[in-house]
file coords.txt (compact mmCIF, C-alpha atoms)
# COMPACT_ATOMS: atom_id res chain seq x y z
CA MET A 1 9.62 19.72 5.56
CA VAL A 2 8.29 16.85 3.54
CA ASP A 3 4.57 16.68 4.19
CA ASP A 4 3.01 14.24 6.62
CA GLN A 5 1.45 11.93 4.10
CA THR A 6 4.79 10.96 2.64
CA LEU A 7 6.61 10.69 5.94
CA GLN A 8 6.43 7.58 8.04
CA SER A 9 3.58 8.18 10.43
CA ASP A 10 2.80 6.76 13.84
CA GLU A 11 -0.66 5.70 12.74
CA THR A 12 -1.89 2.19 13.47
CA PRO A 13 -0.78 0.05 10.55
CA VAL A 14 -3.61 -1.27 8.36
CA VAL A 15 -3.42 -4.99 7.60
CA LEU A 16 -5.50 -6.35 4.73
CA LEU A 17 -6.69 -9.95 4.99
CA VAL A 18 -7.70 -11.59 1.69
CA ASP A 19 -9.20 -15.04 2.22
CA ASP A 20 -12.38 -16.71 0.95
CA SER A 21 -13.06 -18.41 4.27
CA GLN A 22 -15.15 -16.46 6.76
CA PHE A 23 -13.62 -18.68 9.45
CA VAL A 24 -10.21 -17.23 8.80
CA HIS A 25 -11.60 -13.68 8.97
CA ARG A 26 -13.39 -14.47 12.20
CA ILE A 27 -10.46 -16.10 13.92
CA LEU A 28 -7.95 -13.43 12.93
CA GLU A 29 -10.30 -10.64 13.99
CA SER A 30 -10.44 -12.28 17.38
CA ARG A 31 -6.81 -13.34 17.68
CA LEU A 32 -5.24 -10.14 16.37
CA ARG A 33 -7.43 -7.87 18.46
CA SER A 34 -4.67 -7.25 20.97
CA GLU A 35 -2.13 -6.33 18.28
CA SER A 36 -1.82 -2.64 17.42
CA ILE A 37 -3.09 -3.07 13.88
CA ALA A 38 -6.32 -2.24 12.04
CA LEU A 39 -7.54 -5.36 10.24
CA ILE A 40 -9.60 -4.97 7.06
CA GLY A 41 -10.81 -7.84 4.91
CA GLU A 42 -11.83 -9.06 1.46
CA TYR A 43 -13.02 -12.48 0.29
CA ASP A 44 -11.48 -12.88 -3.16
CA GLY A 45 -8.31 -11.89 -4.99
CA GLN A 46 -9.86 -9.30 -7.28
CA ALA A 47 -11.60 -7.48 -4.43
CA GLY A 48 -8.42 -7.75 -2.37
CA PHE A 49 -6.34 -6.22 -5.14
CA ASN A 50 -8.79 -3.32 -5.54
CA ARG A 51 -8.90 -2.73 -1.80
CA ALA A 52 -5.11 -2.76 -1.62
CA LYS A 53 -4.91 -0.14 -4.39
CA ASN A 54 -7.42 2.09 -2.61
CA GLU A 55 -6.20 1.79 0.94
CA LEU A 56 -2.50 0.97 0.54
CA PRO A 57 -2.27 -1.22 3.65
CA SER A 58 1.04 -1.77 5.47
CA LEU A 59 0.76 -5.54 5.10
CA ILE A 60 -1.36 -8.05 3.18
CA LEU A 61 -2.26 -11.50 4.51
CA LEU A 62 -3.17 -13.51 1.44
CA ASP A 63 -4.76 -16.91 0.94
CA LEU A 64 -3.65 -18.87 -2.15
CA ASP A 65 -6.68 -20.99 -2.93
CA MET A 66 -9.48 -18.53 -3.71
CA PRO A 67 -12.25 -18.11 -6.28
CA VAL A 68 -12.34 -15.36 -8.98
CA MET A 69 -8.62 -14.64 -8.78
CA ASP A 70 -6.35 -16.96 -6.83
CA GLY A 71 -3.50 -15.95 -4.54
CA TYR A 72 -0.76 -16.35 -7.14
CA GLU A 73 -2.57 -14.13 -9.64
CA THR A 74 -3.25 -11.64 -6.87
CA ILE A 75 0.43 -11.42 -5.95
CA ARG A 76 1.27 -10.92 -9.62
CA ALA A 77 -1.28 -8.10 -9.93
CA LEU A 78 -0.06 -6.44 -6.73
CA LYS A 79 3.54 -6.59 -7.92
CA GLU A 80 2.68 -5.12 -11.32
CA GLU A 81 0.88 -2.13 -9.85
CA ALA A 82 3.34 0.61 -8.84
CA SER A 83 1.39 1.77 -5.79
CA THR A 84 1.09 -1.71 -4.24
CA ARG A 85 4.41 -3.20 -5.35
CA ASP A 86 6.23 -2.57 -2.08
CA ILE A 87 3.50 -3.75 0.29
CA PRO A 88 4.77 -6.89 2.03
CA ILE A 89 2.64 -10.00 1.53
CA ILE A 90 2.41 -12.92 3.95
CA VAL A 91 0.83 -15.96 2.32
CA LEU A 92 -1.57 -17.92 4.50
CA SER A 93 -2.27 -21.28 3.04
CA GLY A 94 -3.46 -24.80 3.59
CA MET A 95 -1.37 -25.76 0.60
CA ASN A 96 1.93 -26.37 2.29
CA THR A 97 4.16 -28.23 -0.12
CA SER A 98 7.60 -26.80 -0.76
CA GLN A 99 6.49 -26.18 -4.32
CA ASP A 100 3.68 -23.87 -3.18
CA LYS A 101 6.02 -22.03 -0.85
CA VAL A 102 8.72 -21.58 -3.47
CA ALA A 103 6.17 -20.34 -6.02
CA ALA A 104 4.83 -17.78 -3.54
CA PHE A 105 8.30 -16.54 -2.57
CA ASP A 106 9.36 -16.35 -6.22
CA LEU A 107 6.38 -14.12 -6.97
CA GLY A 108 7.40 -11.77 -4.15
CA ALA A 109 5.73 -12.93 -0.93
CA VAL A 110 7.88 -12.13 2.13
CA ASP A 111 6.61 -14.95 4.31
CA PHE A 112 4.47 -18.08 4.28
CA VAL A 113 2.29 -19.36 7.13
CA THR A 114 0.47 -22.67 6.89
CA LYS A 115 -3.06 -23.33 8.09
CA PRO A 116 -4.15 -24.24 10.66
CA PHE A 117 -2.29 -21.34 12.21
CA GLU A 118 -0.02 -21.44 15.15
CA LEU A 119 -1.33 -18.07 16.32
CA SER A 120 1.59 -16.87 18.38
CA GLU A 121 3.80 -17.60 15.39
CA LEU A 122 1.51 -15.72 13.03
CA ARG A 123 1.46 -12.72 15.35
CA ALA A 124 5.25 -12.72 15.57
CA ARG A 125 5.55 -12.93 11.78
CA ILE A 126 3.10 -10.06 11.31
CA ARG A 127 5.05 -7.90 13.75
CA SER A 128 8.34 -8.74 12.11
CA SER A 129 7.03 -7.95 8.60
CA LEU A 130 5.54 -4.65 9.72
CA LYS A 131 8.77 -3.64 11.39
CA MET A 132 10.86 -4.58 8.38
CA SER A 133 8.63 -2.67 5.95
CA ALA A 134 8.56 0.40 8.20
CA LEU A 135 12.36 0.41 8.24
CA LEU A 136 12.57 -0.03 4.48
CA LYS A 137 10.09 2.77 3.98
CA MET A 138 12.07 5.05 6.27
CA LEU A 139 15.29 4.25 4.44
CA SER A 140 13.79 4.95 1.06
CA GLN A 141 12.32 8.22 2.34
CA LYS A 142 15.66 9.29 3.76
CA ALA A 143 17.19 8.53 0.40
CA GLN A 144 14.67 10.90 -1.19
CA ILE A 145 15.17 13.88 1.07
CA ASP A 146 17.77 16.58 0.79
CA GLY A 147 19.65 16.83 4.08
CA LEU A 148 20.09 20.61 4.21
CA SER A 149 16.76 21.94 2.96
CA GLY A 150 14.47 19.10 4.05
CA LEU A 151 12.87 19.19 0.59
CA PHE A 152 12.86 16.22 -1.77
CA ASN A 153 16.18 15.70 -3.50
CA ARG A 154 17.15 15.65 -7.16
CA ALA A 155 16.83 11.88 -7.52
CA TYR A 156 13.29 12.02 -6.23
CA PHE A 157 12.49 14.89 -8.58
CA ASP A 158 13.75 13.00 -11.63
CA HIS A 159 11.56 10.05 -10.87
CA ARG A 160 8.52 11.99 -9.72
CA PHE A 161 8.53 14.45 -12.60
CA LYS A 162 8.47 11.59 -15.07
CA GLU A 163 5.53 10.08 -13.17
CA GLU A 164 3.56 13.35 -13.11
CA PHE A 165 4.37 13.93 -16.77
CA ASP A 166 2.97 10.49 -17.70
CA ARG A 167 -0.09 11.05 -15.54
CA ALA A 168 -0.84 14.44 -17.13
CA LEU A 169 -0.40 12.96 -20.59
CA ARG A 170 -2.65 9.99 -19.85
CA HIS A 171 -5.48 11.85 -18.13
CA GLY A 172 -5.20 15.19 -19.93
CA HIS A 173 -4.57 17.00 -16.64
CA ALA A 174 -2.91 20.38 -16.41
CA LEU A 175 0.74 20.30 -15.31
CA SER A 176 3.21 23.04 -14.47
CA MET A 177 6.78 23.12 -13.27
CA ALA A 178 9.08 25.88 -12.06
CA LEU A 179 12.84 26.08 -11.81
CA ILE A 180 13.99 28.56 -9.18
CA ASP A 181 17.51 29.92 -8.74
CA LEU A 182 18.75 32.33 -6.06
CA ASP A 183 20.21 35.58 -7.38
CA HIS A 184 23.89 36.25 -6.66
CA PHE A 185 24.00 33.48 -4.09
CA LYS A 186 27.75 33.14 -4.38
CA SER A 187 28.20 36.64 -2.99
CA VAL A 188 26.14 35.71 0.11
CA ASN A 189 28.56 32.85 0.75
CA ASP A 190 31.61 34.98 -0.01
CA THR A 191 30.50 37.93 2.09
CA TYR A 192 28.83 36.32 5.10
CA GLY A 193 30.32 32.83 5.11
CA HIS A 194 28.99 29.40 4.26
CA PRO A 195 26.87 29.00 7.41
CA ALA A 196 24.95 32.12 6.36
CA GLY A 197 24.63 30.66 2.85
CA ASP A 198 23.24 27.44 4.33
CA SER A 199 20.70 29.46 6.33
CA VAL A 200 19.57 31.11 3.10
CA ILE A 201 19.09 27.72 1.41
CA THR A 202 17.07 26.50 4.41
CA GLY A 203 15.11 29.76 4.64
CA VAL A 204 14.19 29.79 0.97
CA ALA A 205 13.20 26.13 1.19
CA GLN A 206 10.84 27.08 4.02
CA ILE A 207 9.38 29.92 1.97
CA ILE A 208 8.79 27.63 -1.00
CA GLN A 209 7.17 25.01 1.20
CA ALA A 210 4.99 27.60 2.93
CA GLN A 211 3.85 29.34 -0.26
CA CYS A 212 3.10 26.28 -2.37
CA ARG A 213 0.06 24.05 -1.96
CA ASN A 214 -0.18 20.56 -0.47
CA ILE A 215 -0.28 18.97 -3.92
CA ASP A 216 2.93 20.65 -5.06
CA ILE A 217 6.23 18.79 -4.90
CA ALA A 218 9.14 20.98 -3.85
CA CYS A 219 12.65 19.69 -4.45
CA ARG A 220 16.17 20.97 -4.13
CA TYR A 221 17.59 20.60 -7.61
CA GLY A 222 21.21 21.44 -6.91
CA GLY A 223 23.30 24.06 -5.06
CA GLU A 224 21.02 27.10 -4.96
CA GLU A 225 18.46 25.76 -7.40
CA PHE A 226 15.01 24.50 -6.50
CA VAL A 227 12.35 22.89 -8.62
CA LEU A 228 8.62 22.82 -8.01
CA ILE A 229 6.30 20.32 -9.67
CA MET A 230 2.71 21.55 -9.69
CA PRO A 231 0.37 18.71 -10.72
CA GLU A 232 -3.10 19.56 -12.05
CA THR A 233 -2.14 23.23 -12.08
CA THR A 234 -2.58 25.55 -15.07
CA PRO A 235 0.33 27.81 -16.07
CA GLU A 236 -1.65 30.85 -14.82
CA GLN A 237 -2.23 29.27 -11.39
CA ALA A 238 1.42 28.22 -11.28
CA MET A 239 2.46 31.77 -12.11
CA ALA A 240 0.52 32.96 -9.06
CA VAL A 241 2.24 30.40 -6.82
CA CYS A 242 5.67 31.41 -8.10
CA GLU A 243 4.89 35.08 -7.70
CA ARG A 244 3.97 34.48 -4.04
CA ILE A 245 7.29 32.69 -3.54
CA ARG A 246 9.24 35.45 -5.30
CA LEU A 247 7.59 38.15 -3.21
CA ALA A 248 7.96 36.31 0.11
CA CYS A 249 11.65 35.79 -0.60
CA GLU A 250 12.25 39.41 -1.58
CA ASN A 251 10.53 40.59 1.62
CA LYS A 252 12.21 38.20 4.02
CA SER A 253 14.73 39.71 6.38
CA TRP A 254 17.75 37.59 7.23
CA PRO A 255 19.09 37.74 10.81
CA GLN A 256 22.69 37.15 9.69
CA HIS A 257 22.60 39.92 7.05
CA PRO A 258 19.59 42.21 7.69
CA SER A 259 20.67 44.75 5.12
CA ARG A 260 21.16 42.21 2.34
CA ALA A 261 17.92 40.90 0.83
CA VAL A 262 17.91 37.67 -1.15
CA THR A 263 15.95 37.48 -4.38
CA LEU A 264 15.28 34.68 -6.77
CA SER A 265 14.67 34.21 -10.47
CA CYS A 266 12.24 31.68 -11.79
CA GLY A 267 11.58 29.86 -15.04
CA LEU A 268 8.10 28.42 -15.44
CA ILE A 269 6.55 26.02 -17.91
CA GLY A 270 3.10 24.49 -18.03
CA THR A 271 0.07 23.35 -19.94
CA GLU A 272 -3.59 23.28 -19.11
CA ASP A 273 -4.15 20.16 -21.18
CA GLY A 274 -1.69 17.31 -20.62
CA SER A 275 -3.07 15.33 -23.55
CA SER A 276 -1.71 17.98 -25.92
CA ILE A 277 1.90 17.54 -24.74
CA THR A 278 4.14 16.67 -27.65
CA SER A 279 7.44 17.09 -25.86
CA THR A 280 9.46 14.90 -23.48
CA PRO A 281 10.36 15.43 -19.80
CA THR A 282 13.95 16.20 -20.85
CA ALA A 283 12.85 18.78 -23.43
CA ILE A 284 10.54 20.39 -20.88
CA LEU A 285 13.44 20.71 -18.45
CA GLU A 286 15.54 22.34 -21.19
CA SER A 287 12.74 24.82 -21.95
CA VAL A 288 12.27 25.79 -18.33
CA ASP A 289 16.03 26.21 -17.98
CA LYS A 290 15.93 28.64 -20.93
CA CYS A 291 13.14 30.59 -19.22
CA LEU A 292 15.23 30.84 -16.08
CA TYR A 293 18.15 32.11 -18.13
CA GLN A 294 15.92 34.76 -19.70
CA ALA A 295 14.66 35.84 -16.26
CA LYS A 296 18.29 36.27 -15.19
CA GLN A 297 19.15 38.18 -18.37
CA ALA A 298 16.16 40.48 -17.93
CA GLY A 299 17.45 41.66 -14.54
CA ARG A 300 16.73 38.85 -12.03
CA ASN A 301 14.10 38.82 -9.25
CA ARG A 302 11.45 37.91 -11.79
CA ILE A 303 9.57 35.02 -13.40
CA THR A 304 9.67 34.12 -17.08
CA GLY A 305 7.11 31.59 -18.19
CA VAL A 306 6.26 29.69 -21.32
CA TYR A 307 3.44 27.34 -22.31
CA MET A 308 4.52 23.85 -23.34
CA SER A 309 3.38 24.85 -26.83
CA GLY A 310 6.16 27.49 -26.82
CA THR A 311 4.05 30.64 -26.39
CA PRO A 312 5.28 32.96 -23.61
CA ILE A 313 3.00 33.35 -20.57
CA ASP A 314 1.78 36.87 -19.94
CA ILE A 315 2.62 37.53 -16.30
CA SER A 316 -0.33 39.94 -15.90
CA LYS A 317 -2.67 36.96 -16.31
CA ALA A 318 -1.36 35.34 -13.16
CA GLY A 319 -4.10 34.51 -10.78
CA MET B 320 -20.01 -43.21 17.37
CA THR B 321 -20.24 -41.62 20.83
CA ALA B 322 -20.68 -37.89 21.18
CA PRO B 323 -17.42 -36.15 22.07
CA ASP B 324 -17.27 -34.48 25.43
CA PRO B 325 -17.68 -30.69 24.95
CA ASN B 326 -14.69 -30.30 27.23
CA ALA B 327 -12.67 -31.83 24.42
CA PHE B 328 -12.52 -28.42 22.72
CA SER B 329 -8.89 -27.50 22.32
CA LEU B 330 -9.81 -23.96 23.37
CA ASP B 331 -10.81 -22.88 26.85
CA ILE B 332 -14.57 -22.47 26.95
CA ASN B 333 -14.24 -20.44 30.15
CA ASP B 334 -12.12 -17.81 28.37
CA PRO B 335 -14.42 -15.18 26.81
CA ASP B 336 -12.38 -14.86 23.59
CA ASP B 337 -12.14 -18.60 23.15
CA ALA B 338 -15.81 -19.12 23.97
CA GLU B 339 -16.75 -16.56 21.32
CA LEU B 340 -14.84 -18.54 18.68
CA ILE B 341 -16.30 -21.88 19.76
CA GLU B 342 -19.81 -20.44 19.67
CA TYR B 343 -19.24 -18.89 16.26
CA PHE B 344 -17.99 -22.16 14.80
CA LEU B 345 -20.92 -24.09 16.25
CA ASP B 346 -23.32 -21.53 14.78
CA GLU B 347 -21.77 -21.98 11.35
CA LEU B 348 -21.71 -25.78 11.45
CA PRO B 349 -25.33 -26.48 10.33
CA GLU B 350 -24.72 -24.47 7.16
CA LYS B 351 -21.53 -26.44 6.48
CA ILE B 352 -23.37 -29.73 7.00
CA GLU B 353 -25.97 -28.52 4.51
CA ILE B 354 -23.25 -27.72 1.95
CA ILE B 355 -21.63 -31.13 2.44
CA ASN B 356 -24.98 -32.94 2.06
CA THR B 357 -25.87 -31.04 -1.10
CA ALA B 358 -22.43 -31.62 -2.62
CA LYS B 359 -22.51 -35.31 -1.73
CA ALA B 360 -25.97 -35.73 -3.28
CA GLY B 361 -24.87 -33.93 -6.43
CA ASP B 362 -21.54 -35.78 -6.64
CA ASP B 363 -19.89 -32.36 -6.61
CA VAL B 364 -16.29 -33.27 -5.83
CA GLU B 365 -15.06 -29.71 -6.26
CA ALA B 366 -17.47 -28.33 -3.67
CA LEU B 367 -16.61 -31.17 -1.29
CA SER B 368 -12.91 -30.52 -1.69
CA ARG B 369 -13.41 -26.84 -1.05
CA ILE B 370 -15.34 -27.35 2.17
CA ALA B 371 -12.99 -30.10 3.39
CA HIS B 372 -10.03 -27.80 2.71
CA GLN B 373 -11.75 -24.98 4.56
CA LEU B 374 -12.64 -27.10 7.60
CA LYS B 375 -9.16 -28.62 7.71
CA GLY B 376 -7.63 -25.16 7.93
CA ALA B 377 -10.19 -23.53 10.19
CA ALA B 378 -11.59 -26.08 12.65
CA PRO B 379 -8.46 -26.49 14.82
CA GLY B 380 -8.23 -22.76 15.39
CA PHE B 381 -11.79 -22.69 16.68
CA GLY B 382 -11.13 -25.53 19.11
CA PHE B 383 -12.25 -28.45 16.94
CA PRO B 384 -9.13 -30.43 16.02
CA THR B 385 -11.09 -33.66 15.50
CA ILE B 386 -13.17 -32.02 12.76
CA GLY B 387 -9.96 -30.68 11.28
CA SER B 388 -8.40 -34.13 11.14
CA ALA B 389 -11.52 -35.77 9.68
CA ALA B 390 -11.67 -33.04 7.02
CA GLU B 391 -7.99 -33.52 6.21
CA VAL B 392 -8.47 -37.27 5.67
CA LEU B 393 -11.44 -36.53 3.43
CA GLU B 394 -9.57 -33.90 1.43
CA GLY B 395 -6.82 -36.43 0.73
CA SER B 396 -9.25 -39.13 -0.38
CA LEU B 397 -11.15 -36.72 -2.62
CA LYS B 398 -7.93 -35.86 -4.41
CA GLU B 399 -7.36 -39.56 -5.14
CA ALA B 400 -10.98 -40.16 -6.12
CA GLY B 401 -10.75 -37.84 -9.12
CA GLY B 402 -13.92 -36.46 -10.72
CA SER B 403 -16.59 -38.62 -9.08
CA ILE B 404 -17.21 -40.28 -5.74
CA GLN B 405 -20.31 -42.18 -6.81
CA ASP B 406 -18.61 -45.56 -6.62
CA VAL B 407 -16.06 -44.78 -3.93
CA GLU B 408 -17.48 -46.23 -0.73
CA GLN B 409 -14.52 -45.20 1.38
CA VAL B 410 -14.95 -41.52 0.52
CA LYS B 411 -18.67 -41.73 1.19
CA SER B 412 -18.04 -43.22 4.59
CA GLU B 413 -15.46 -40.54 5.38
CA ILE B 414 -18.03 -37.92 4.48
CA ASP B 415 -20.54 -39.60 6.76
CA SER B 416 -18.05 -39.70 9.64
CA LEU B 417 -17.31 -36.02 9.22
CA LEU B 418 -21.04 -35.24 9.13
CA ALA B 419 -21.69 -37.35 12.23
CA LEU B 420 -18.86 -35.67 14.07
CA CYS B 421 -20.15 -32.19 13.20
CA GLN B 422 -23.68 -33.21 14.19
CA SER B 423 -22.50 -34.54 17.54
CA PHE B 424 -20.92 -31.19 18.35
CA ILE B 425 -24.15 -29.42 17.40
CA ASP B 426 -26.16 -31.80 19.58
CA THR B 427 -23.99 -31.05 22.58
CA ASN B 428 -23.67 -27.30 21.89
CA PRO B 429 -23.25 -25.69 25.33
CA PHE B 430 -24.43 -22.35 23.92
CA ALA B 431 -27.67 -23.66 22.41
call {"tool": "encode", "arguments": {"input": "coords.txt", "output": "structure tokens"}}
result
Amino acid sequence: MVDDQTLQSDETPVVLLVDDSQFVHRILESRLRSESIALIGEYDGQAGFNRAKNELPSLILLDLDMPVMDGYETIRALKEEASTRDIPIIVLSGMNTSQDKVAAFDLGAVDFVTKPFELSELRARIRSSLKMSALLKMLSQKAQIDGLSGLFNRAYFDHRFKEEFDRALRHGHALSMALIDLDHFKSVNDTYGHPAGDSVITGVAQIIQAQCRNIDIACRYGGEEFVLIMPETTPEQAMAVCERIRLACENKSWPQHPSRAVTLSCGLIGTEDGSSITSTPTAILESVDKCLYQAKQAGRNRITGVYMSGTPIDISKAG
Amino acid sequence: MTAPDPNAFSLDINDPDDAELIEYFLDELPEKIEIINTAKAGDDVEALSRIAHQLKGAAPGFGFPTIGSAAEVLEGSLKEAGGSIQDVEQVKSEIDSLLALCQSFIDTNPFA
């Protein structure tokens, strides 16, 4: 249920070559043509770093001795930037003393190939690095996904919410978040058995995924609790998303208990201007938890929302 | 110095992929010779080192191991020479050998 862009795809891996010598570009274009990779290139470290940030290649082949920004500085920059930190780097260099190799490995390169290349060796090393990074990526994705619902798990939420919070604060973007809890879920389990309860969790996860937008991040927060991060979304827009989810859930018929509908309650918090946030991610979670509690107290199957400033959201404004 | 036999390429000139690389390198050589001449005239050790380093790394892959070796020798001597080669006859003669070698390949270019 996690969307395609975050899941390991079968697309041809993009390999970025950063080298100031046009000879190296020319020879690798020719000699890697038969590999199933898409080769893109830059001629100095700064341009290579920028390209890596924009295109997030699967692998970087990096020369050490370059103008503007040399290979060592480039590795450092790539490792400091969150989005490029995990991209494997193979150093290609004519500098082949142990000292150069050790320095490159210490900075985070995964491999070192000396020029002139032994091409069959370079190809084998590229393949091996790509395979290793694909496996690591798959492992880390598995570690982020909840096994039952297929949504992101709690650990992923904790980390991602902090990231989105920082981003909203820095750029002044809108940000909203909803905490969703199934009503009387325990009685579904008690009455129809745990397999039926599991089907409800899976079914509601599907509803949430179907009703939210591509940019939203849906996670299973715990037992029958879900959390939805809605980046660049005003509280009013978020209210509309949650209302769609609430309605779809209320209207869904369950094969294992057709006469028993499942409803959910939802706490919502948001701001249209991230730069005005004065609270912390933890405090925001506490506030949204309070909203959820109020929705439960007010009779369940409803949404209670609050602006990050503390003012309640008028549900009639949803849209 | 006698011109090397074009068959001395370490790549197979009858293979289309190899031939493409050989041709490309030969096309680029005049520009490299130009750079070396300018740098030599201007006593620009840094530029000489850069081009020697580049040829050392690249030439063998394009089928020109002899150019690679000559460039490697030159790169080493330039490192020892320090900031100027004006009074270092050995380096000057190594530059001339490298230039002559490059020129001989251009003169016998089978694609020209």
call {"tool": "atom_distance", "arguments": {"input": "coords.txt", "atom1": "atom CA of Ala155 of chain A", "atom2": "atom CA of Lys252 of chain A"}}
result
29.1 Å
call {"tool": "closest_residue", "arguments": {"input": "coords.txt", "among": "B:Ala419, B:Arg369, B:Ile355, B:Ala360", "to": "chain A", "atoms": "only C-alpha atoms"}}
result
B:Arg369
call {"tool": "atom_distance", "arguments": {"input": "coords.txt", "atom1": "atom CA of Phe381 of chain B", "atom2": "atom CA of Leu330 of chain B"}}
result
7.1 Å
call {"tool": "axis_aligned_box", "arguments": {"input": "coords.txt", "around": "segment 199-213 of chain A", "padding_each_side": "3 Å", "output": "AutoDock Vina command-line options"}}
result
--center_x 10.4 --center_y 27.6 --center_z 2.0 --size_x 26.6 --size_y 13.1 --size_z 14.7
call {"tool": "residues_around", "arguments": {"input": "coords.txt", "residues": "segment 276-292 of chain A", "least_positions_apart": "4", "cutoff": "8 Å", "atoms": "only C-alpha atoms", "output": "number ranges by chain"}}
result
A: 161-162, 165, 169, 172, 177-181, 265-269, 271, 296, 303-306, 308-309
call {"tool": "atom_distance", "arguments": {"input": "coords.txt", "atom1": "atom CA of Ala52 of chain A", "atom2": "atom CA of Val113 of chain A"}}
result
20.2 Å
call {"tool": "residues_around", "arguments": {"input": "coords.txt", "residues": "Asp183 of chain A", "least_positions_apart": "3", "cutoff": "8 Å", "atoms": "only C-alpha atoms", "output": "PDB file with C-alpha atoms, keeping the file's coordinate frame"}}
result
ATOM      1  CA  VAL A 262      17.910  37.670  -1.150  1.00  0.00           C
ATOM      2  CA  THR A 263      15.950  37.480  -4.380  1.00  0.00           C
ATOM      3  CA  LEU A 264      15.280  34.680  -6.770  1.00  0.00           C
ATOM      4  CA  SER A 265      14.670  34.210 -10.470  1.00  0.00           C
ATOM      5  CA  ARG A 300      16.730  38.850 -12.030  1.00  0.00           C
ATOM      6  CA  ASN A 301      14.100  38.820  -9.250  1.00  0.00           C
TER       7      ASN A 301
END
call {"tool": "residues_around", "arguments": {"input": "coords.txt", "residues": "Ala377 of chain B", "least_positions_apart": "5", "cutoff": "12 Å", "atoms": "only C-alpha atoms", "output": "JSON, numbers by chain"}}
result
{"A": [19, 20, 21, 22, 23, 24, 25, 26, 27, 28, 92, 93, 94, 114, 115, 116, 117, 118], "B": [340, 341, 343, 344, 347, 348, 370, 371, 372, 382, 383, 384, 385, 386, 387, 388, 390, 391]}
call {"tool": "residues_around", "arguments": {"input": "coords.txt", "residues": "Pro88 of chain A", "least_positions_apart": "5", "cutoff": "8 Å", "atoms": "all atoms listed in the file", "output": "ChimeraX atom specification"}}
result
/A:58-60,109-110,129,133
call {"tool": "closest_residue", "arguments": {"input": "coords.txt", "among": "B:Phe430, B:Lys411, B:Lys375, B:Asn356", "to": "chain A", "atoms": "only C-alpha atoms"}}
result
B:Lys375
call {"tool": "closest_residue", "arguments": {"input": "coords.txt", "among": "A:Arg154, A:Arg167, A:His173, A:Arg76", "to": "Gly45 of chain A", "atoms": "all atoms listed in the file"}}
result
A:Arg76
